[in-house]
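Asks: The file below is start.txt, compact mmCIF, C-alpha atoms and all ligand atoms:
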```txt
# COMPACT_ATOMS: atom_id res chain seq x y z
CA MET X 93 181.46 193.31 87.11
CA ASN X 94 184.06 191.72 84.91
CA ASP X 95 187.10 193.40 86.49
CA GLU X 96 190.19 191.65 85.21
CA SER X 97 191.50 189.77 82.24
CA ALA X 98 194.93 188.31 81.47
CA ILE X 99 197.44 190.51 79.61
CA SER X 100 197.36 189.62 75.94
CA GLU X 101 199.15 191.16 72.98
CA GLU X 102 196.39 190.04 70.65
CA PRO X 103 192.88 191.30 71.18
CA ALA X 104 190.63 188.35 71.91
CA VAL X 105 187.81 187.51 69.54
CA GLY X 106 184.43 186.89 71.06
CA ASN X 107 185.53 186.83 74.69
CA ILE X 108 182.29 188.48 75.73
CA ALA X 109 179.19 186.34 75.79
CA ALA X 110 176.44 187.07 73.29
CA PRO X 111 173.31 188.59 74.84
CA GLN X 112 170.83 186.18 76.36
CA ALA X 113 167.36 185.95 74.93
CA GLU X 114 165.07 188.13 77.08
CA SER X 115 162.82 185.28 78.10
CA SER X 116 165.69 183.20 79.45
CA VAL X 117 166.64 185.81 82.08
CA SER X 118 164.22 186.32 84.93
CA LYS X 119 166.00 188.54 87.44
CA VAL X 120 168.16 191.60 86.96
CA ASN X 121 171.83 190.73 87.41
CA LEU X 122 174.02 193.80 87.71
CA ASP X 123 177.12 191.68 88.36
CA ALA X 124 176.97 190.60 84.72
CA LEU X 125 177.50 194.15 83.46
CA PRO X 126 180.76 194.75 81.58
CA LYS X 127 183.57 197.07 82.60
CA ALA X 128 184.38 199.55 79.82
CA ILE X 129 187.91 200.55 80.77
CA TRP X 130 190.51 199.64 83.37
CA PHE X 131 194.23 199.78 84.17
CA GLU X 132 196.81 197.00 84.30
CA ARG X 133 200.53 197.00 85.04
CA ASP X 134 202.78 194.04 84.40
CA ALA X 135 204.43 193.16 87.72
CA THR X 136 207.75 192.16 86.10
CA SER X 137 208.26 194.65 83.31
CA GLY X 138 206.34 197.54 84.89
CA VAL X 139 204.65 198.19 81.52
CA ALA X 140 201.32 199.94 82.02
CA GLU X 141 198.21 199.42 79.92
CA VAL X 142 194.78 200.92 79.58
CA ARG X 143 192.40 198.09 78.73
CA ILE X 144 189.35 199.08 76.74
CA ILE X 145 186.48 196.96 75.46
CA ASP X 146 186.32 197.94 71.80
CA GLN X 147 182.77 199.33 71.63
CA THR X 148 182.99 199.79 67.86
CA ARG X 149 182.72 196.01 67.59
CA LEU X 150 180.16 195.29 70.27
CA PRO X 151 178.01 193.28 70.48
CA MET X 152 179.33 191.08 67.64
CA GLN X 153 182.89 190.87 68.99
CA GLY X 154 184.28 191.51 72.44
CA ASP X 155 187.84 192.57 71.63
CA VAL X 156 189.83 194.16 74.42
CA LEU X 157 192.26 196.85 73.27
CA CYS X 158 195.53 197.00 75.20
CA CYS X 159 196.68 200.62 74.96
CA ARG X 160 200.26 201.29 76.01
CA THR X 161 200.61 204.82 74.68
CA LEU X 162 198.81 208.13 74.90
CA GLU X 163 198.25 207.93 71.16
CA ALA X 164 196.58 204.52 71.44
CA VAL X 165 194.08 205.83 74.01
CA GLU X 166 193.57 208.98 71.91
CA THR X 167 192.73 206.79 68.91
CA ALA X 168 190.36 204.67 71.01
CA ILE X 169 188.54 207.87 72.03
CA LYS X 170 188.39 209.27 68.49
CA THR X 171 187.10 206.02 67.00
CA LEU X 172 184.50 205.58 69.82
CA ALA X 173 186.09 202.36 71.10
CA VAL X 174 185.61 204.10 74.46
CA ARG X 175 182.84 206.68 74.71
CA GLY X 176 180.28 208.25 77.02
CA ALA X 177 181.14 211.35 79.04
CA PRO X 178 182.14 209.74 82.39
CA ALA X 179 184.12 206.95 80.68
CA LEU X 180 185.97 209.60 78.68
CA GLY X 181 186.96 211.29 81.94
CA ILE X 182 188.28 207.95 83.21
CA ALA X 183 190.12 207.40 79.91
CA ALA X 184 191.80 210.82 80.19
CA GLY X 185 193.23 209.98 83.62
CA LEU X 186 194.38 206.48 82.69
CA ALA X 187 195.92 207.70 79.42
CA LEU X 188 198.08 210.13 81.38
CA ALA X 189 199.07 207.41 83.85
CA VAL X 190 200.14 205.11 81.00
CA TRP X 191 202.03 207.96 79.37
CA SER X 192 203.81 208.67 82.68
CA PHE X 193 205.06 205.09 83.08
CA ASN X 194 205.69 204.09 79.47
CA GLU X 195 206.54 207.20 77.51
CA CYS X 196 207.65 210.15 79.60
CA THR X 197 211.41 210.64 79.26
CA GLU X 198 211.76 213.40 81.86
CA THR X 199 214.02 212.62 84.79
CA GLU X 200 212.88 215.16 87.40
CA PRO X 201 209.47 216.43 88.61
CA GLN X 202 209.62 219.95 87.08
CA GLY X 203 210.32 218.61 83.59
CA TYR X 204 207.62 215.99 84.09
CA LEU X 205 205.03 218.65 84.99
CA VAL X 206 205.74 220.59 81.79
CA ALA X 207 205.52 217.45 79.63
CA LEU X 208 202.37 216.33 81.50
CA GLU X 209 200.60 219.55 80.51
CA THR X 210 201.32 218.91 76.83
CA ALA X 211 200.14 215.30 77.12
CA ALA X 212 196.98 216.44 78.97
CA GLU X 213 196.16 219.01 76.29
CA ARG X 214 196.51 216.34 73.64
CA ILE X 215 194.18 213.83 75.28
CA ALA X 216 191.69 216.56 76.27
CA SER X 217 191.25 217.57 72.64
CA ALA X 218 190.51 214.06 71.33
CA ARG X 219 186.77 214.94 71.31
CA PRO X 220 185.28 218.38 72.00
CA THR X 221 181.80 218.04 73.51
CA ALA X 222 181.94 215.87 76.65
CA VAL X 223 183.27 218.13 79.38
CA ASN X 224 184.51 215.19 81.50
CA LEU X 225 187.37 214.50 79.09
CA GLN X 226 188.84 218.00 79.36
CA ARG X 227 187.95 218.39 83.01
CA GLU X 228 189.64 215.19 84.25
CA ALA X 229 192.77 215.87 82.18
CA GLN X 230 193.01 219.37 83.69
CA ARG X 231 192.26 218.14 87.22
CA LEU X 232 195.06 215.60 86.97
CA VAL X 233 197.54 218.31 85.95
CA VAL X 234 196.43 220.50 88.87
CA PHE X 235 196.74 217.49 91.21
CA ALA X 236 200.33 216.80 90.01
CA HIS X 237 201.34 220.44 90.52
CA GLU X 238 199.84 220.47 94.03
CA PHE X 239 201.57 217.19 94.89
CA VAL X 240 204.96 218.62 93.94
CA ALA X 241 204.25 221.90 95.73
CA LYS X 242 203.19 220.09 98.92
CA ALA X 243 206.22 217.80 98.87
CA ALA X 244 208.68 220.73 98.70
CA PRO X 245 211.10 221.38 100.32
CA LYS X 246 211.27 217.61 101.02
CA THR X 247 211.19 217.24 97.20
CA SER X 248 209.41 214.13 96.06
CA SER X 249 211.02 211.71 93.63
CA LEU X 250 209.62 211.40 90.14
CA ASP X 251 208.64 207.79 90.90
CA GLU X 252 206.56 208.93 93.87
CA LEU X 253 204.93 211.56 91.72
CA LYS X 254 204.00 209.05 89.01
CA GLU X 255 202.53 206.68 91.59
CA ALA X 256 200.47 209.55 93.01
CA VAL X 257 199.27 210.46 89.50
CA LEU X 258 198.20 206.84 88.97
CA LYS X 259 196.33 206.83 92.27
CA HIS X 260 194.56 210.02 91.26
CA ALA X 261 193.68 208.55 87.83
CA LEU X 262 192.24 205.42 89.43
CA SER X 263 190.17 207.54 91.82
CA ILE X 264 188.26 209.06 88.85
CA ALA X 265 186.57 205.71 88.19
CA LYS X 266 185.99 205.08 91.91
CA THR X 267 184.29 208.45 92.33
CA ASP X 268 182.19 207.85 89.24
CA GLU X 269 181.12 204.49 90.60
CA ALA X 270 179.76 206.11 93.76
CA HIS X 271 178.09 208.87 91.73
CA CYS X 272 176.37 206.42 89.37
CA LYS X 273 174.95 204.49 92.30
CA ALA X 274 173.66 207.70 93.91
CA ILE X 275 172.11 208.85 90.61
CA GLY X 276 170.45 205.45 90.23
CA LYS X 277 168.93 205.66 93.71
CA ALA X 278 167.74 209.25 93.29
CA GLY X 279 166.22 208.57 89.88
CA ALA X 280 164.46 205.38 90.99
CA THR X 281 162.51 207.33 93.61
CA LEU X 282 160.73 209.09 90.73
CA LEU X 283 159.27 205.84 89.40
CA LYS X 284 156.20 203.91 90.50
CA LYS X 285 155.82 200.14 90.24
CA GLY X 286 155.16 199.07 86.67
CA ALA X 287 157.00 202.08 85.16
CA LYS X 288 157.83 202.12 81.46
CA VAL X 289 160.68 204.39 80.46
CA LEU X 290 162.40 205.45 77.25
CA THR X 291 166.08 206.19 76.73
CA ILE X 292 168.58 207.09 74.01
CA CYS X 293 172.25 206.34 73.37
CA ASN X 294 174.18 204.27 75.90
CA THR X 295 174.48 205.66 79.39
CA GLY X 296 175.24 202.43 81.24
CA ALA X 297 178.26 200.44 82.36
CA LEU X 298 179.90 200.92 78.97
CA ALA X 299 179.73 204.71 79.32
CA THR X 300 180.77 205.11 82.95
CA GLY X 301 182.77 203.58 85.79
CA SER X 302 179.80 201.61 87.12
CA ILE X 303 176.06 201.05 86.48
CA GLY X 304 175.65 204.23 84.47
CA THR X 305 173.61 207.40 84.71
CA ALA X 306 170.23 207.15 82.93
CA LEU X 307 170.73 203.38 82.73
CA GLY X 308 171.82 203.50 86.38
CA VAL X 309 168.27 204.62 87.14
CA VAL X 310 166.93 201.80 84.95
CA TYR X 311 169.09 199.19 86.69
CA THR X 312 168.29 200.47 90.17
CA ALA X 313 164.54 200.61 89.50
CA SER X 314 164.75 197.09 87.99
CA ALA X 315 166.54 195.77 91.06
CA GLN X 316 163.75 197.34 93.15
CA GLU X 317 161.24 195.51 90.91
CA LYS X 318 159.61 198.81 89.95
CA LEU X 319 160.52 198.91 86.29
CA GLU X 320 158.35 197.09 83.79
CA HIS X 321 159.93 197.98 80.48
CA VAL X 322 162.56 200.07 78.69
CA TRP X 323 162.13 201.51 75.21
CA VAL X 324 165.59 201.74 73.64
CA CYS X 325 166.09 204.25 70.82
CA GLU X 326 168.42 202.90 68.17
CA THR X 327 170.47 206.14 68.22
CA ARG X 328 171.49 206.66 64.62
CA PRO X 329 173.97 206.97 63.09
CA VAL X 330 176.39 204.98 65.29
CA ASN X 331 173.67 202.94 67.02
CA GLN X 332 174.84 203.15 70.61
CA GLY X 333 171.25 202.21 71.54
CA SER X 334 170.74 199.13 69.38
CA ARG X 335 174.30 197.82 69.75
CA LEU X 336 175.34 198.79 73.27
CA THR X 337 172.27 199.54 75.39
CA ALA X 338 170.35 196.58 74.00
CA TRP X 339 173.34 194.34 74.74
CA GLU X 340 173.81 195.71 78.26
CA LEU X 341 170.11 195.38 79.14
CA ALA X 342 170.01 191.84 77.77
CA THR X 343 173.16 190.97 79.71
CA ALA X 344 171.65 192.30 82.94
CA GLY X 345 168.24 190.75 82.26
CA VAL X 346 166.22 193.96 82.00
CA PRO X 347 163.19 193.69 79.66
CA TYR X 348 163.47 196.12 76.75
CA THR X 349 162.23 196.77 73.24
CA LEU X 350 164.33 198.36 70.55
CA ILE X 351 162.78 201.07 68.39
CA SER X 352 164.19 203.29 65.67
CA ASP X 353 164.58 206.92 66.75
CA SER X 354 161.64 207.91 64.55
CA MET X 355 159.29 205.56 66.46
CA ALA X 356 159.56 207.43 69.78
CA ALA X 357 156.59 209.72 69.01
CA SER X 358 154.42 206.75 68.21
CA VAL X 359 155.13 204.83 71.44
CA MET X 360 154.63 208.01 73.49
CA ALA X 361 151.31 208.72 71.73
CA LYS X 362 150.10 205.23 72.64
CA GLY X 363 150.72 205.99 76.34
CA TRP X 364 153.51 203.43 76.63
CA VAL X 365 156.10 205.77 78.18
CA ASP X 366 155.88 207.10 81.75
CA ALA X 367 159.20 208.96 81.77
CA VAL X 368 162.24 209.65 79.60
CA PHE X 369 165.74 209.32 81.09
CA VAL X 370 168.80 210.49 79.15
CA GLY X 371 172.45 211.22 79.93
CA ALA X 372 174.49 214.35 79.29
CA ASP X 373 177.82 215.28 77.79
CA ARG X 374 177.79 218.81 79.16
CA ILE X 375 175.30 220.65 81.35
CA CYS X 376 175.59 224.41 80.90
CA ALA X 377 175.28 227.03 83.64
CA ASN X 378 171.70 227.87 82.55
CA GLY X 379 170.65 224.19 82.56
CA ASP X 380 170.84 223.62 78.79
CA VAL X 381 172.09 220.09 78.07
CA ALA X 382 174.35 218.79 75.31
CA ASN X 383 173.69 215.11 74.71
CA LYS X 384 173.56 212.55 71.91
CA ILE X 385 171.90 213.73 68.70
CA GLY X 386 168.18 212.96 68.96
CA THR X 387 167.87 213.99 72.61
CA LEU X 388 166.30 217.33 71.66
CA SER X 389 163.64 215.57 69.56
CA LEU X 390 162.77 213.35 72.53
CA ALA X 391 162.47 216.35 74.86
CA ILE X 392 160.10 218.11 72.45
CA LEU X 393 158.04 214.92 72.06
CA ALA X 394 157.94 214.40 75.83
CA LYS X 395 156.65 217.94 76.36
CA HIS X 396 153.95 217.43 73.72
CA HIS X 397 152.82 214.20 75.37
CA ASN X 398 153.16 215.57 78.93
CA ILE X 399 155.80 212.97 79.86
CA PRO X 400 158.52 213.92 82.40
CA PHE X 401 161.97 214.27 80.84
CA TYR X 402 164.98 213.71 83.12
CA VAL X 403 168.69 214.26 82.48
CA CYS X 404 171.01 212.06 84.56
CA ALA X 405 174.69 212.93 85.00
CA PRO X 406 177.36 213.21 87.67
CA SER X 407 178.13 216.74 88.83
CA SER X 408 181.45 216.42 86.93
CA THR X 409 179.38 216.91 83.75
CA ILE X 410 178.14 220.32 84.92
CA ASP X 411 180.14 223.08 83.27
CA ALA X 412 179.52 226.39 85.01
CA GLU X 413 181.91 228.11 82.60
CA THR X 414 179.73 227.40 79.57
CA LYS X 415 176.82 229.75 80.06
CA THR X 416 174.33 228.36 77.52
CA GLY X 417 174.02 225.61 74.95
CA ALA X 418 174.88 228.09 72.20
CA GLU X 419 178.49 228.08 73.46
CA VAL X 420 178.97 224.29 73.30
CA ASP X 421 181.36 222.96 70.65
CA ILE X 422 179.29 220.26 68.92
CA GLU X 423 181.41 217.50 67.43
CA GLN X 424 180.90 216.89 63.71
CA ARG X 425 181.72 213.33 62.74
CA ASP X 426 182.79 211.47 59.63
CA PRO X 427 180.05 211.68 56.96
CA ARG X 428 180.55 207.98 56.32
CA GLU X 429 178.71 207.23 59.59
CA LEU X 430 175.56 208.39 57.80
CA ALA X 431 176.45 207.46 54.22
CA GLY X 432 176.50 203.75 54.94
CA PHE X 433 176.90 201.22 57.70
CA THR X 434 179.76 199.39 59.32
CA ALA X 435 179.73 195.67 59.90
CA THR X 436 182.01 193.57 62.03
CA GLY X 437 182.05 189.85 62.59
CA VAL X 438 183.98 186.62 62.59
CA ILE X 439 184.14 184.21 59.67
CA LEU X 440 184.44 180.56 60.66
CA PRO X 441 185.74 178.53 57.69
CA GLN X 442 183.58 175.49 57.01
CA ASN X 443 186.24 173.35 55.31
CA ALA X 444 189.95 173.12 54.50
CA GLN X 445 189.51 174.87 51.16
CA GLN X 446 187.97 177.92 52.80
CA THR X 447 190.71 177.95 55.43
CA THR X 448 193.37 177.91 52.71
CA ALA X 449 191.65 180.73 50.83
CA PHE X 450 191.41 182.94 53.92
CA ASP X 451 194.99 182.05 54.94
CA ILE X 452 196.26 183.21 51.55
CA LEU X 453 194.36 186.48 51.88
CA THR X 454 195.59 187.18 55.39
CA GLU X 455 199.08 185.68 55.39
CA ALA X 456 200.74 189.12 55.32
CA GLY X 457 198.60 190.31 58.25
CA LEU X 458 195.64 192.67 57.80
CA CYS X 459 194.12 192.26 54.35
CA GLU X 460 192.36 195.45 53.17
CA LEU X 461 190.09 194.98 50.18
CA THR X 462 188.63 197.95 48.36
CA LEU X 463 185.24 197.38 46.83
CA ARG X 464 183.42 199.53 44.28
CA ASN X 465 182.28 203.05 45.33
CA GLY X 466 184.90 203.30 48.08
CA GLN X 467 183.33 200.48 50.10
CA GLN X 468 185.86 198.63 52.23
CA LEU X 469 186.43 195.24 53.78
CA ALA X 470 189.32 194.33 56.08
CA LEU X 471 190.11 190.76 57.05
CA GLU X 472 192.41 189.59 59.81
CA ARG X 473 193.34 186.15 61.03
CA LYS X 474 192.53 185.58 64.71
CA GLY X 475 193.48 182.09 65.82
CA GLY X 476 191.45 179.68 63.73
CA ALA X 477 188.97 182.34 62.65
CA TYR X 478 189.00 185.48 60.49
CA ALA X 479 187.66 188.76 61.83
CA PHE X 480 186.23 191.25 59.37
CA ASP X 481 185.45 194.95 59.55
CA ALA X 482 183.57 196.50 56.68
CA TRP X 483 181.96 199.72 55.59
CA PHE X 484 179.18 199.53 53.01
CA ALA X 485 177.66 202.58 51.33
CA THR X 486 173.88 202.95 51.28
CA THR X 487 173.78 206.38 49.65
CA PRO X 488 174.74 207.72 46.22
CA SER X 489 178.40 208.63 45.99
CA GLY X 490 179.08 212.34 46.55
CA VAL X 491 176.01 212.74 48.78
CA GLN X 492 176.15 215.90 50.94
CA ILE X 493 175.96 215.06 54.64
CA TYR X 494 175.50 216.95 57.92
CA ASN X 495 176.50 214.72 60.84
CA PRO X 496 176.52 216.46 64.23
CA CYS X 497 177.09 214.01 67.06
CA PHE X 498 175.20 215.94 69.77
CA ASP X 499 172.37 218.43 70.13
CA ILE X 500 171.32 220.96 72.75
CA THR X 501 168.16 220.50 74.80
CA PRO X 502 167.07 223.82 76.31
CA ALA X 503 166.59 223.91 80.08
CA GLU X 504 162.87 224.65 79.80
CA LEU X 505 162.22 221.23 78.23
CA ILE X 506 163.91 219.38 81.11
CA THR X 507 161.77 218.27 84.07
CA GLY X 508 164.74 217.61 86.33
CA ILE X 509 168.47 217.02 86.38
CA ILE X 510 169.53 214.03 88.48
CA THR X 511 173.05 214.07 89.90
CA GLU X 512 174.69 212.26 92.83
CA ASP X 513 173.26 215.07 94.98
CA GLY X 514 169.65 214.26 94.08
CA VAL X 515 166.97 215.60 91.72
CA ASP X 516 167.05 219.25 90.79
CA GLY X 517 163.64 220.01 89.31
CA ALA X 518 164.24 223.59 88.35
CA GLY X 519 162.84 222.98 84.86
CA ARG X 520 159.19 222.80 83.83
O1 LIG X 601 179.17 209.84 71.16
P1 LIG X 601 179.05 209.16 72.51
O2 LIG X 601 178.64 207.74 72.40
O3 LIG X 601 180.25 209.38 73.36
O4 LIG X 601 177.84 209.94 73.21
C1 LIG X 601 177.48 209.57 74.51
C2 LIG X 601 176.28 210.28 74.99
O5 LIG X 601 175.75 211.17 74.37
C3 LIG X 601 175.78 209.88 76.35
O6 LIG X 601 174.40 210.04 76.42
C4 LIG X 601 176.44 210.78 77.40
O7 LIG X 601 177.82 210.84 77.22
C5 LIG X 601 176.16 210.30 78.76
S1 LIG X 601 176.99 208.77 79.11
C6 LIG X 601 176.63 208.35 80.71
```
Will you turn the file into structure tokens for me?

Replies:
Amino acid sequence: MNDESAISEEPAVGNIAAPQAESSVSKVNLDALPKAIWFERDATSGVAEVRIIDQTRLPMQGDVLCCRTLEAVETAIKTLAVRGAPALGIAAGLALAVWSFNECTETEPQGYLVALETAAERIASARPTAVNLQREAQRLVVFAHEFVAKAAPKTSSLDELKEAVLKHALSIAKTDEAHCKAIGKAGATLLKKGAKVLTICNTGALATGSIGTALGVVYTASAQEKLEHVWVCETRPVNQGSRLTAWELATAGVPYTLISDSMAASVMAKGWVDAVFVGADRICANGDVANKIGTLSLAILAKHHNIPFYVCAPSSTIDAETKTGAEVDIEQRDPRELAGFTATGVILPQNAQQTTAFDILTEAGLCELTLRNGQQLALERKGGAYAFDAWFATTPSGVQIYNPCFDITPAELITGIITEDGVDGAGR
């Protein structure tokens, strides 16, 4: 895994290699998988940072966001720069660690604990559906309270408390790493040599602290030379499948084929899928599962075609307090995700004239151009190149849109839930 990178004010452009062509990679290489999020602290200044690969720009650009405030991490969560239930739990912990070192103005533990609760509530509400985000924020607050209570009457210093909070935040990723590996092992036992599986969204290294959940099974089975092929659903509207999962699988050297979400029925009908593996954002007490929009369709299709349908998640995604899927708060996202498409890339000027033209446009910093029908194009100079981010409409203006980010798969459509504790096949 790509653990470290030098501290940089400017996000780097293209510092992540483009995916390899499938045919050029023969063996699965899990060491090549990216790390989604990590913590850095400058040894001299003590300034803390959460580093996040900006997943909104993958796989075209590999910018690393350097977040020094709670608000910066909150924005990264809201914009999906960091996403996936376990990674959101990790982000919650690291955001609170960064806030503790860089922003908290309290001078004694009791004041810190009060301010920490407010900061935790803020980060926990950045997105509503993935339980890991709220759970890890709350757990960190409970940990801090217990630390102070245990230290009394010796009374710990605020510095000690902050260091303990950091240690706790870092342990979220460590625990998730162990859980992903256990999920991978448990899930791989369900597959025979030559297995062909189908998946949706991104549930791999980019969504967790390690090899992933559903993709953890894929990687483990690949390393065991059991897995023949992965069908990757595009995952409209934000395309976590075609942008992120396809890139991860290519990076690791796992053979895959991309399909649009609407093609899943067709490949199942042809007998090309032996099992479906998906992740989860919240598993309810009755076994209903909230996961990326489109998961429910896959479960119904799998049942029709008599294909086993497995949900893979760490136990931290199980929410005993939410009784059924009907109680889950499903995030509604910006209609523009469906009304058009975003594009990101890097323009390399081909001659001095082009360089001058782009320099003029970007000399004051970010250049935001508004096109007709509300379409947008932003240009920014990055070294000798110019990065662009654009949104282009593909629908008539004023179109009415319904854009839920997740759906609920009822327990009876799920063959088994795979956690770090093994496979629970209470479903059909
Ligand atoms: O909107 P996202 O990209 O955060 O949605 C992610 C998913 O739905 C994943 O399937 C789920 O979080 C599991 S990630 C291991």

Asks: Within 8 Å of ligand LIG 601 (chain X), counting all atoms listed in the file, which protein or nucleic acid residues do you find, written as number ranges by chain?

Replies: X: 172, 174-180, 222, 292-296, 299-300, 304-307, 330, 332, 370-373, 382-385, 404-405, 497-498

Asks: Export, as a PDB file, keeping the file's coordinate frame, the selected residues with C-alpha atoms.

Replies:
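File produced: result_16.pdb:
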```
ATOM      1  CA  LEU X 172     184.500 205.580  69.820  1.00  0.00           C
ATOM      2  CA  VAL X 174     185.610 204.100  74.460  1.00  0.00           C
ATOM      3  CA  ARG X 175     182.840 206.680  74.710  1.00  0.00           C
ATOM      4  CA  GLY X 176     180.280 208.250  77.020  1.00  0.00           C
ATOM      5  CA  ALA X 177     181.140 211.350  79.040  1.00  0.00           C
ATOM      6  CA  PRO X 178     182.140 209.740  82.390  1.00  0.00           C
ATOM      7  CA  ALA X 179     184.120 206.950  80.680  1.00  0.00           C
ATOM      8  CA  LEU X 180     185.970 209.600  78.680  1.00  0.00           C
ATOM      9  CA  ALA X 222     181.940 215.870  76.650  1.00  0.00           C
ATOM     10  CA  ILE X 292     168.580 207.090  74.010  1.00  0.00           C
ATOM     11  CA  CYS X 293     172.250 206.340  73.370  1.00  0.00           C
ATOM     12  CA  ASN X 294     174.180 204.270  75.900  1.00  0.00           C
ATOM     13  CA  THR X 295     174.480 205.660  79.390  1.00  0.00           C
ATOM     14  CA  GLY X 296     175.240 202.430  81.240  1.00  0.00           C
ATOM     15  CA  ALA X 299     179.730 204.710  79.320  1.00  0.00           C
ATOM     16  CA  THR X 300     180.770 205.110  82.950  1.00  0.00           C
ATOM     17  CA  GLY X 304     175.650 204.230  84.470  1.00  0.00           C
ATOM     18  CA  THR X 305     173.610 207.400  84.710  1.00  0.00           C
ATOM     19  CA  ALA X 306     170.230 207.150  82.930  1.00  0.00           C
ATOM     20  CA  LEU X 307     170.730 203.380  82.730  1.00  0.00           C
ATOM     21  CA  VAL X 330     176.390 204.980  65.290  1.00  0.00           C
ATOM     22  CA  GLN X 332     174.840 203.150  70.610  1.00  0.00           C
ATOM     23  CA  VAL X 370     168.800 210.490  79.150  1.00  0.00           C
ATOM     24  CA  GLY X 371     172.450 211.220  79.930  1.00  0.00           C
ATOM     25  CA  ALA X 372     174.490 214.350  79.290  1.00  0.00           C
ATOM     26  CA  ASP X 373     177.820 215.280  77.790  1.00  0.00           C
ATOM     27  CA  ALA X 382     174.350 218.790  75.310  1.00  0.00           C
ATOM     28  CA  ASN X 383     173.690 215.110  74.710  1.00  0.00           C
ATOM     29  CA  LYS X 384     173.560 212.550  71.910  1.00  0.00           C
ATOM     30  CA  ILE X 385     171.900 213.730  68.700  1.00  0.00           C
ATOM     31  CA  CYS X 404     171.010 212.060  84.560  1.00  0.00           C
ATOM     32  CA  ALA X 405     174.690 212.930  85.000  1.00  0.00           C
ATOM     33  CA  CYS X 497     177.090 214.010  67.060  1.00  0.00           C
ATOM     34  CA  PHE X 498     175.200 215.940  69.770  1.00  0.00           C
TER      35      PHE X 498
END
```

Asks: Name the residues in contact with segment 488-490 of chain X at a cut-off of 12 Å, using all atoms listed in the file, excluding same-chain residues fewer than 2 positions from it; report them as number ranges by chain.

Replies: X: 427-428, 430-432, 464-467, 484-486, 492-493

Asks: Which of these, X:Ala212, X:Ala435, X:Ile182, X:Leu162, has the shortest distance to Ser263 of chain X once you count only C-alpha atoms?

Replies: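 Once distances to Ser263 of chain X are computed over only C-alpha atoms, the minimum belongs to X:Ile182.
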
Asks: Could you pull out every residue with an atom within 7 Å of (196.8, 206.8, 76.5), file coordinates, counting only C-alpha atoms, and send them as a list in words?

Replies: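 Those residues, ordered by chain and then number, are Val142, Cys159, Arg160, Thr161, Leu162, Glu163, Ala164, Val165, Glu166, Leu186, Ala187, Leu188, Val190 and Trp191 of chain X.
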
Asks: Taking 4 positions as the minimum chain separation for residues in the same chain, which residues sit within 9 Å of Ile275 of chain X when counting only C-alpha atoms? Answer as a PyMOL selection string.

Replies: chain X and resi 270-271+279-280+304-306+308-309+404-406+510-515

Asks: For a test of reading the model, state the distance in Å between atom CA of Gly417 of chain X and atom CA of Ala391 of chain X, rounded to one decimal.

Replies: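 It comes out at 14.8 Å.
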
Asks: For each of X:Ala128, X:Tyr402, X:Val438, X:Gly333, take the minimum atom-to-atom distance to Gly301 of chain X, counting all atoms listed in the file, then give the residue where this is smallest.

Replies: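 Nearest to Gly301 of chain X: X:Ala128.
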
Asks: May I ask for the distance between atom CA of Ile399 of chain X and atom CA of Met360 of chain X, given in Å to one decimal place?

Replies: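 Straight-line distance from atom CA of Ile399 of chain X to atom CA of Met360 of chain X works out to 8.2 Å.
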
Asks: If we count only C-alpha atoms and set the cut-off at 8 Å, which residues sit around Glu132 of chain X, ignoring sequence neighbours fewer than 2 positions away in its own chain? Please answer as a PyMOL selection string.

Replies: chain X and resi 130+134+140-143

Asks: Measuring atom to atom with only C-alpha atoms, identify which of X:Arg335, X:Lys119, X:Arg328, X:Lys273 is nearest to Pro151 of chain X.

Replies: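 Looking only at the distances to Pro151 of chain X, the closest residue turns out to be X:Arg335.
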
Asks: Using only C-alpha atoms, which residues sit within 10 Å of Arg214 of chain X once same-chain residues fewer than 2 positions away are excluded, as a PyMOL selection string?

Replies: chain X and resi 162-163+166+184+208-212+216-218+226+229

Asks: Mind checking which residues fall within 12 Å of Asp123 of chain X, counting only C-alpha atoms, ignoring those fewer than 3 positions away in the same chain, and posting them as number ranges by chain?

Replies: X: 93-95, 119-120, 126-127, 297, 302-303, 311, 315, 340, 343-345

Asks: Atom CA of Glu504 of chain X and atom CA of Thr409 of chain X are how many Å apart?

Replies: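 Between atom CA of Glu504 of chain X and atom CA of Thr409 of chain X the gap works out to 18.7 Å.
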